[in-house]
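Some notes on the structure that comes next.
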Amino acid sequence: MSKHEPLISNTKCECGHQNPVGTVLCEACGKPLDEKEENASGNLEMRYDGVARRSQRVSPGVIDKVWNFFSSVKIAIYLIVLTLLGAMLGTIFPQESTFLNIDASTYYEQTYGTAGNIYYRLGLSHTYESWWFVTLLVMIGASLVICSLDRVLPLYKALTRQKIRKHRQFLTRQKLTLNTEVEGEPEEWVARIVQPLKKKGYRVRTEGGALLAEKHRFSRWGPYVIHIGLIIFLLAVLARGLPGLNMDQHLAFPQGETVKIPDTSMYLKNEKFTVEFYSEEEMPEEFRGKKVLPKLYETKAVLYECTADCSDPSKEPQLAEVARHDIQVNSPLSYQGMKAYQFDYDLTPVLRSVQPDLVNASTGESYGKFRLDMKNPQRSFKAGPYTLELKEKYMDFGLNEEGRPVSTSPYPNAPAFLFLIRGPDLPAEGQQYFYFPKQVDKERFQQEAINDKLGGGTRFLELEVGSMTDVDFSESTTYLNIRVDRAMPFVWIGAAIVMLGLILGFYWQHRRIWLIVEGGQLVLGGHTNKNWFGFRRELVSILEQVDMTVDDKSLDNGGGMA
Amino acid sequence: MGKARKPIQIVILFLIVLLGGYAISSSVFGGDGKPQEGGKAPNFELLGLDGATHTLEEFRGKSVVLNFWGSWCAPCVKEMPALQAQWEKWKDQGVVVLGVNVGEDQMTVDNFVKLVDIDFPVVMDKGRDAVRSYGVSPLPTTFFINTKGRVDSIHIGQLDLNSLDEQIGKLVGP
């Protein structure tokens, strides 16, 4: 491309064919067009059969310039090398995306010191999502498309419009060539060699004393098939960014609760989570007493799909079960492309509800039980002749700066309830009663002392939980990784096409033999894109069948790469 | 063939620019999909304390001060009187102060609203859907949304009570 084309150059070959500017060998007869090339003696430039590539043509405008830039294989190689170097930068420290809960702005400095801080500030903690890396990928994609089109169309044309009779110089300057004397009529001699060529799988065309035999042309499309595969691959990766095609989230599922999976209409219920560990006997001796090894993590999961009232928060969604699976490591629940993998667990029990009994502390008389939920409790309860009105609720009881009771978190770590009890033998305005369902909190916050203060001396009612059957808690929480990757099949398709292209290009070679018999003289030229050695041997064995003995080395016209 | 060449080149380059532009811009601006200052405020559909479902859409044309809070969060409690004062001052000028309670039950929210004595609308984000779509992590976080439904500014942490009035004034416009 750096060579300056003469302003007007005669591109018409002596055979009468008008070639485009940039053509090396006449598209029709194969005669070298360039003066220098014509007078040289080395092997011919056979890339793309000497046809002008699109980007080599004249008059570059802006579009042509862009086109020419991307059509250069040299540029493509630079782009690939730059991308590889960029990708290497991303492997120095772990990427942000590999962590679930970190504050990246402090994590890198704390973990890796100044180097980590520089790494984070340069944006390398998310190398593969950075604008420059994506730009490089886009440019490689552009280069793939344009390089392919720039070459595949001229090559396709050159190969489909091959002339049988080629210029003599085209034949003698092939890397594989033979020039010898033969007897008999040209047509006859040519007819004799057709059969042996066909036997070797060649497609043969003849024109008087000229012949063109060709096989495995399809292997020339291998590189372009690879490029198509790569483009599908890149597009699939790009499409993962579109909404709905990719999801990767880690969610907590307390045992016994149905939890909505965000951005979907799915709900998942963890019916039971189990974790088992190897017993001392099951472990090898060197581990006993030293290690705790998990044997099984299992979440009995039920997947529901919402069928009605899904987005209306004032109504309860209607759920229908769609799948059920015991999720274990490497055995996810799978439903319509959505997968739920076991990821983590937490064995801290979470209190859900209690059924306290209202009793008379002095007589021991019980007035009855009621169910008190930690979340969304009823506001009033009846126990015998007494009504209990729930006035306040604290999920995680504590005192604020002013000494007033507050909840210090939204999680039921230390739930507390303030009731107003009305009924016989109580003041008309009722009596306040603080209730801590957890025994530890009762003691820690001195429930009795508080209530004595609230109720004065006349207090006789207590809320008591009789047995553990009156306590409902979620034993554990399982963490699942919910994933959707609908672009994945296309990634596989792309990869499969790349493989197909590689096989096409690697295991077959495009072999062509031209020959002309004229005045008792046989001129033969052969070209292949690889495995010249095999090609020569094949030609020798074909020539043997028309009673011609040739040493395979004598066919080599130099140029190496045999 | 020569005639078809230029249009084909243009179409291909156009497609590359389109797809490439999408890829690059989503890596530059898209990020994690959380609203940025100047970006569109995501819609939500949440149950209000009044028992009705509220969306952000229904406040289109008004300036919205969207305050995410929880009753357990001390700075949220502290800024409530200021929000209430601003609500009273601006509500007739097309400003809505909207509280979003994060993940608590109705009773807690009811009691809290009574305790701090606020009457601006409050919605409950039980499933933390709005928290996720707004990318809220510490509480309180306040989004100032203009009449076009775009996020004018985001304030993380307790509101600066001195500049709050000014900030809302800026939102309403000159």
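Ordering of the structure tokens sets the chain letters (A, B, ...), residue numbers begin anew at 1 in every chain, and ligands are numbered from 1 in the order given.
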Exercise for the section: Could you list the residues in chain B lying within 6 Å of chain A, using only C-alpha atoms, and format the result as a PyMOL selection string? Expected result: chain B and resi 20+24+27-28+46-47+72+105
Could you save the residues just selected, with N, CA and C atoms, as a compact mmCIF listing (two decimals), in the first residue's frame?
```txt
# COMPACT_ATOMS: atom_id res chain seq x y z
N GLY B 20 -20.12 -1.34 17.79
CA GLY B 20 -18.95 -0.93 18.57
C GLY B 20 -19.30 0.21 19.50
N ILE B 24 -18.86 0.10 23.47
CA ILE B 24 -17.97 1.02 24.18
C ILE B 24 -18.77 1.92 25.11
N SER B 27 -19.79 0.28 28.20
CA SER B 27 -18.71 0.09 29.17
C SER B 27 -18.32 1.41 29.83
N VAL B 28 -18.58 2.52 29.13
CA VAL B 28 -18.21 3.81 29.71
C VAL B 28 -19.32 4.33 30.62
N LEU B 46 -44.34 0.61 44.42
CA LEU B 46 -44.26 0.21 45.81
C LEU B 46 -45.55 0.55 46.55
N LEU B 47 -45.79 -0.23 47.59
CA LEU B 47 -46.98 -0.04 48.40
C LEU B 47 -46.77 1.14 49.33
N TRP B 72 -34.17 2.14 61.97
CA TRP B 72 -33.03 1.82 62.83
C TRP B 72 -31.82 2.72 62.57
N ASP B 105 -41.48 -3.74 58.22
CA ASP B 105 -42.90 -4.07 58.05
C ASP B 105 -43.76 -2.86 58.38
```
Exercise for the section: Pick out each residue of region 6-140 of chain B that DSSP on the backbone tags as helix (DSSP H, G or I); I need them as a VMD selection string. Expected result: chain B and resid 6 to 30 57 to 59 74 to 93 106 to 116 129 to 133
Handout entry: Minimum-distance residue to Asn43 (chain B), chosen among B:Val172, B:Ala74, B:Leu56, B:Val123 (using only C-alpha atoms)
Key =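 Comparing B:Val172, B:Ala74, B:Leu56, B:Val123 against Asn43 (chain B), the winner is B:Leu56.
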Completion exercise
Of A:Glu448, A:Val152, A:Glu187, A:Leu197, the one sitting nearest Ala210 (chain A) when using only C-alpha atoms is A:Glu187
Fill in the blank from the handout: Between CA of Lys339 (chain A) and CA of Met247 (chain A) lies a distance of 9.9 Å
Exercise for the section: Fewer than 4 positions away in the same chain doesn't count, so skip those; otherwise give me all residues within 12 Å of Gly222 (chain A), counting only C-alpha atoms, as a PyMOL selection string. Expected result: chain A and resi 148+152+216-218+226-229+497-510+529
The selected residues should be written to file as a compact mmCIF listing (two decimals), in the first residue's frame (atoms: N, CA and C atoms).
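The result, written out as selection03.txt:
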```txt
# COMPACT_ATOMS: atom_id res chain seq x y z
N SER A 148 -11.68 -10.11 6.13
CA SER A 148 -12.30 -11.26 5.46
C SER A 148 -12.93 -10.83 4.14
N VAL A 152 -11.97 -12.32 0.75
CA VAL A 152 -12.74 -13.50 0.35
C VAL A 152 -13.45 -13.27 -0.98
N HIS A 216 -9.97 -30.03 -3.50
CA HIS A 216 -10.08 -29.49 -2.14
C HIS A 216 -10.02 -27.97 -2.09
N ARG A 217 -10.74 -27.38 -3.03
CA ARG A 217 -10.77 -25.91 -3.03
C ARG A 217 -11.38 -25.37 -1.73
N PHE A 218 -12.32 -26.16 -1.15
CA PHE A 218 -13.03 -25.66 0.05
C PHE A 218 -12.09 -25.33 1.19
N ILE A 226 -13.33 -19.57 10.09
CA ILE A 226 -12.83 -19.24 11.43
C ILE A 226 -13.25 -17.83 11.81
N HIS A 227 -13.11 -16.91 10.86
CA HIS A 227 -13.47 -15.52 11.15
C HIS A 227 -14.96 -15.37 11.45
N ILE A 228 -15.80 -16.09 10.70
CA ILE A 228 -17.24 -16.03 10.97
C ILE A 228 -17.51 -16.51 12.38
N GLY A 229 -16.87 -17.62 12.75
CA GLY A 229 -17.04 -18.15 14.11
C GLY A 229 -16.62 -17.14 15.16
N ILE A 497 -17.92 -23.27 15.11
CA ILE A 497 -17.63 -22.85 13.74
C ILE A 497 -16.13 -22.59 13.58
N VAL A 498 -15.51 -21.99 14.61
CA VAL A 498 -14.07 -21.78 14.56
C VAL A 498 -13.36 -23.12 14.40
N MET A 499 -13.81 -24.11 15.15
CA MET A 499 -13.21 -25.45 15.08
C MET A 499 -13.35 -26.02 13.68
N LEU A 500 -14.55 -25.88 13.13
CA LEU A 500 -14.80 -26.38 11.78
C LEU A 500 -13.83 -25.71 10.79
N GLY A 501 -13.68 -24.40 10.92
CA GLY A 501 -12.78 -23.66 10.04
C GLY A 501 -11.34 -24.14 10.18
N LEU A 502 -10.94 -24.40 11.43
CA LEU A 502 -9.58 -24.88 11.66
C LEU A 502 -9.36 -26.22 10.98
N ILE A 503 -10.36 -27.10 11.10
CA ILE A 503 -10.24 -28.44 10.50
C ILE A 503 -10.15 -28.30 8.99
N LEU A 504 -11.03 -27.47 8.42
CA LEU A 504 -11.02 -27.25 6.96
C LEU A 504 -9.65 -26.80 6.49
N GLY A 505 -9.10 -25.85 7.22
CA GLY A 505 -7.85 -25.26 6.79
C GLY A 505 -6.64 -26.14 7.05
N PHE A 506 -6.72 -26.94 8.10
CA PHE A 506 -5.54 -27.72 8.49
C PHE A 506 -5.44 -29.07 7.78
N TYR A 507 -6.57 -29.74 7.60
CA TYR A 507 -6.50 -31.13 7.16
C TYR A 507 -6.66 -31.31 5.65
N TRP A 508 -6.97 -30.24 4.94
CA TRP A 508 -7.03 -30.35 3.48
C TRP A 508 -6.20 -29.24 2.87
N GLN A 509 -5.68 -29.52 1.66
CA GLN A 509 -4.94 -28.47 0.97
C GLN A 509 -5.56 -28.29 -0.42
N HIS A 510 -5.57 -27.05 -0.84
CA HIS A 510 -6.07 -26.75 -2.18
C HIS A 510 -4.94 -27.02 -3.17
N ASN A 529 -1.43 -24.80 -1.19
CA ASN A 529 -1.18 -23.82 -0.14
C ASN A 529 -0.38 -24.40 1.01
```
Practice task
Quick one: everything within 9 Å of Val100 (chain B), counting only C-alpha atoms, minus sequence neighbours fewer than 4 positions away in the same chain. Send it as an NGL selection string.
Solution key: :B and (46 or 48 or 66-70 or 121-125 or 130-131)
Would you export the selected residues with N, CA, C and O atoms as a PDB file, in the first residue's frame, please?
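Final output, saved to out09.pdb:
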```
ATOM      1  N   LEU B  46     -44.343   0.615  44.417  1.00  0.00           N
ATOM      2  CA  LEU B  46     -44.256   0.212  45.813  1.00  0.00           C
ATOM      3  C   LEU B  46     -45.550   0.547  46.548  1.00  0.00           C
ATOM      4  O   LEU B  46     -46.280   1.473  46.187  1.00  0.00           O
ATOM      5  N   GLY B  48     -47.698   2.050  49.297  1.00  0.00           N
ATOM      6  CA  GLY B  48     -47.596   3.209  50.170  1.00  0.00           C
ATOM      7  C   GLY B  48     -48.198   2.917  51.532  1.00  0.00           C
ATOM      8  O   GLY B  48     -48.938   1.947  51.707  1.00  0.00           O
ATOM      9  N   LEU B  66     -36.465  12.012  46.802  1.00  0.00           N
ATOM     10  CA  LEU B  66     -36.667  10.603  47.124  1.00  0.00           C
ATOM     11  C   LEU B  66     -35.684  10.227  48.223  1.00  0.00           C
ATOM     12  O   LEU B  66     -34.473  10.204  48.003  1.00  0.00           O
ATOM     13  N   ASN B  67     -36.233   9.958  49.409  1.00  0.00           N
ATOM     14  CA  ASN B  67     -35.381   9.718  50.574  1.00  0.00           C
ATOM     15  C   ASN B  67     -35.508   8.268  51.035  1.00  0.00           C
ATOM     16  O   ASN B  67     -36.581   7.825  51.431  1.00  0.00           O
ATOM     17  N   PHE B  68     -34.411   7.516  50.951  1.00  0.00           N
ATOM     18  CA  PHE B  68     -34.405   6.126  51.427  1.00  0.00           C
ATOM     19  C   PHE B  68     -34.029   6.135  52.900  1.00  0.00           C
ATOM     20  O   PHE B  68     -33.003   6.694  53.277  1.00  0.00           O
ATOM     21  N   TRP B  69     -34.861   5.487  53.716  1.00  0.00           N
ATOM     22  CA  TRP B  69     -34.595   5.512  55.152  1.00  0.00           C
ATOM     23  C   TRP B  69     -34.988   4.203  55.829  1.00  0.00           C
ATOM     24  O   TRP B  69     -35.677   3.361  55.256  1.00  0.00           O
ATOM     25  N   GLY B  70     -34.525   4.056  57.059  1.00  0.00           N
ATOM     26  CA  GLY B  70     -34.925   2.926  57.894  1.00  0.00           C
ATOM     27  C   GLY B  70     -35.050   3.421  59.314  1.00  0.00           C
ATOM     28  O   GLY B  70     -34.348   4.352  59.718  1.00  0.00           O
ATOM     29  N   PRO B 121     -45.714  11.584  51.847  1.00  0.00           N
ATOM     30  CA  PRO B 121     -45.999  10.198  51.487  1.00  0.00           C
ATOM     31  C   PRO B 121     -44.788   9.285  51.732  1.00  0.00           C
ATOM     32  O   PRO B 121     -43.643   9.682  51.526  1.00  0.00           O
ATOM     33  N   VAL B 122     -45.102   8.086  52.199  1.00  0.00           N
ATOM     34  CA  VAL B 122     -44.061   7.099  52.472  1.00  0.00           C
ATOM     35  C   VAL B 122     -44.455   5.801  51.778  1.00  0.00           C
ATOM     36  O   VAL B 122     -45.613   5.386  51.839  1.00  0.00           O
ATOM     37  N   VAL B 123     -43.502   5.216  51.069  1.00  0.00           N
ATOM     38  CA  VAL B 123     -43.751   3.896  50.462  1.00  0.00           C
ATOM     39  C   VAL B 123     -42.802   2.893  51.091  1.00  0.00           C
ATOM     40  O   VAL B 123     -41.761   3.260  51.640  1.00  0.00           O
ATOM     41  N   MET B 124     -43.185   1.619  51.016  1.00  0.00           N
ATOM     42  CA  MET B 124     -42.395   0.578  51.668  1.00  0.00           C
ATOM     43  C   MET B 124     -41.762  -0.337  50.629  1.00  0.00           C
ATOM     44  O   MET B 124     -42.460  -0.937  49.816  1.00  0.00           O
ATOM     45  N   ASP B 125     -40.462  -0.429  50.682  1.00  0.00           N
ATOM     46  CA  ASP B 125     -39.712  -1.269  49.741  1.00  0.00           C
ATOM     47  C   ASP B 125     -39.341  -2.563  50.452  1.00  0.00           C
ATOM     48  O   ASP B 125     -38.214  -2.768  50.868  1.00  0.00           O
ATOM     49  N   ALA B 130     -36.426  -1.242  44.924  1.00  0.00           N
ATOM     50  CA  ALA B 130     -35.980   0.112  44.584  1.00  0.00           C
ATOM     51  C   ALA B 130     -34.558   0.328  45.079  1.00  0.00           C
ATOM     52  O   ALA B 130     -33.758   0.980  44.421  1.00  0.00           O
ATOM     53  N   VAL B 131     -34.242  -0.269  46.229  1.00  0.00           N
ATOM     54  CA  VAL B 131     -32.881  -0.156  46.758  1.00  0.00           C
ATOM     55  C   VAL B 131     -31.893  -0.689  45.721  1.00  0.00           C
ATOM     56  O   VAL B 131     -30.848  -0.102  45.458  1.00  0.00           O
TER      57      VAL B 131
END
```
Practice task
Mind checking which residues fall within 10 Å of Glu109 (chain A), counting only C-alpha atoms, ignoring those fewer than 4 positions away in the same chain, and posting them as a count of residues only?
Solution key: 11
Practice task
Name the residues of region 43-89 of chain B that fall into strand (DSSP E) according to DSSP on the backbone, using the chain letters and numbers of this document, as a list of chain:residue names.
Solution key: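 Everything in region 43-89 of chain B that counts as strand (DSSP E) is B:Glu45, B:Leu46, B:Leu47, B:Gly48, B:Thr53, B:His54, B:Thr55, B:Ser63, B:Val64, B:Val65, B:Leu66, B:Asn67, B:Phe68, B:Trp69.
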Can you spit out the residues from that selection as a compact mmCIF listing (two decimals), in the first residue's frame, using N, CA and C atoms?
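Once written, part-v4.txt looks like this:
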```txt
# COMPACT_ATOMS: atom_id res chain seq x y z
N GLU B 45 -42.52 0.51 41.74
CA GLU B 45 -43.92 0.31 42.06
C GLU B 45 -43.97 -0.24 43.47
N LEU B 46 -44.34 0.61 44.42
CA LEU B 46 -44.26 0.21 45.81
C LEU B 46 -45.55 0.55 46.55
N LEU B 47 -45.79 -0.23 47.59
CA LEU B 47 -46.98 -0.04 48.40
C LEU B 47 -46.77 1.14 49.33
N GLY B 48 -47.70 2.05 49.30
CA GLY B 48 -47.60 3.21 50.17
C GLY B 48 -48.20 2.92 51.53
N THR B 53 -50.85 1.63 45.76
CA THR B 53 -49.58 1.43 45.09
C THR B 53 -49.12 2.74 44.46
N HIS B 54 -47.88 3.07 44.67
CA HIS B 54 -47.35 4.30 44.09
C HIS B 54 -46.18 3.98 43.17
N THR B 55 -46.10 4.80 42.11
CA THR B 55 -44.97 4.66 41.20
C THR B 55 -44.28 6.01 41.09
N SER B 63 -41.11 17.85 40.91
CA SER B 63 -39.78 17.55 41.41
C SER B 63 -39.94 16.60 42.59
N VAL B 64 -39.09 15.56 42.62
CA VAL B 64 -39.24 14.56 43.67
C VAL B 64 -37.97 14.50 44.51
N VAL B 65 -38.16 14.59 45.83
CA VAL B 65 -37.03 14.35 46.75
C VAL B 65 -37.27 12.95 47.30
N LEU B 66 -36.46 12.01 46.80
CA LEU B 66 -36.67 10.60 47.12
C LEU B 66 -35.68 10.23 48.22
N ASN B 67 -36.23 9.96 49.41
CA ASN B 67 -35.38 9.72 50.57
C ASN B 67 -35.51 8.27 51.04
N PHE B 68 -34.41 7.52 50.95
CA PHE B 68 -34.41 6.13 51.43
C PHE B 68 -34.03 6.14 52.90
N TRP B 69 -34.86 5.49 53.72
CA TRP B 69 -34.59 5.51 55.15
C TRP B 69 -34.99 4.20 55.83
```
Handout entry: Shell around Lys295 (chain A) at 8 Å using only C-alpha atoms, local window under 4 positions removed, as a PyMOL selection string
Key = chain A and resi 275-278
Keeping N, CA and C atoms, export the residues of the selection given above as a short mmCIF file (atom, residue, chain, number, x, y, z; two decimals), in the first residue's frame.
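Once written, out_21.cif looks like this:
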```cif
data_model
loop_
_atom_site.label_atom_id
_atom_site.label_comp_id
_atom_site.auth_asym_id
_atom_site.auth_seq_id
_atom_site.Cartn_x
_atom_site.Cartn_y
_atom_site.Cartn_z
N VAL A 275 -26.13 -29.24 56.02
CA VAL A 275 -24.68 -29.33 55.82
C VAL A 275 -24.20 -30.49 56.67
N GLU A 276 -23.42 -31.38 56.04
CA GLU A 276 -22.88 -32.53 56.77
C GLU A 276 -21.37 -32.46 56.71
N PHE A 277 -20.77 -32.93 57.77
CA PHE A 277 -19.30 -32.95 57.79
C PHE A 277 -18.83 -34.39 57.92
N TYR A 278 -17.62 -34.65 57.47
CA TYR A 278 -17.07 -35.99 57.63
C TYR A 278 -16.81 -36.25 59.10
#
```
Problem - Separation of CA of Val51 (chain A) from CA of Asn39 (chain A), in Å and rounded to one decimal - result: 19.0 Å
Practice task
Please identify all polymer residues within 7 Å of region 156-168 of chain B, counting only C-alpha atoms, omitting same-chain residues fewer than 2 positions from it, and present them as a list in words.
Solution key: Pro75, Cys76, Glu79, Ala82, Gln86, Leu139, Pro140, Thr141, Thr142, Ile154, Lys170, Leu171 and Val172 of chain B
Put those residues in a file: C-alpha atoms, as a tab-separated table (two decimals), in the first residue's frame.
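After the write, part_1.tsv holds the following:
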```
chain	number	residue	atom	x	y	z
B	75	PRO	CA	-29.16	9.89	60.80
B	76	CYS	CA	-32.39	9.04	58.95
B	79	GLU	CA	-33.20	14.41	59.08
B	82	ALA	CA	-36.05	18.85	58.08
B	86	GLN	CA	-39.30	21.25	53.35
B	139	LEU	CA	-28.76	4.88	54.53
B	140	PRO	CA	-29.96	7.52	54.31
B	141	THR	CA	-29.55	8.24	50.61
B	142	THR	CA	-31.52	10.99	48.95
B	154	ILE	CA	-27.58	12.25	44.82
B	170	LYS	CA	-32.52	24.65	42.37
B	171	LEU	CA	-34.60	21.61	41.46
B	172	VAL	CA	-37.75	23.64	41.02
```
Handout entry: Between CA of Ile516 (chain A) and CA of Thr23 (chain A), distance in Å (one decimal)
Key =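 Atom-to-atom, CA of Ile516 (chain A) to CA of Thr23 (chain A), that is 23.8 Å.
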Practice task
For each of A:Gly123, A:Pro437, A:Pro332, A:Pro284, take the minimum atom-to-atom distance to Asn481 (chain A), counting only C-alpha atoms, then give the residue where this is smallest.
Solution key: A:Pro332
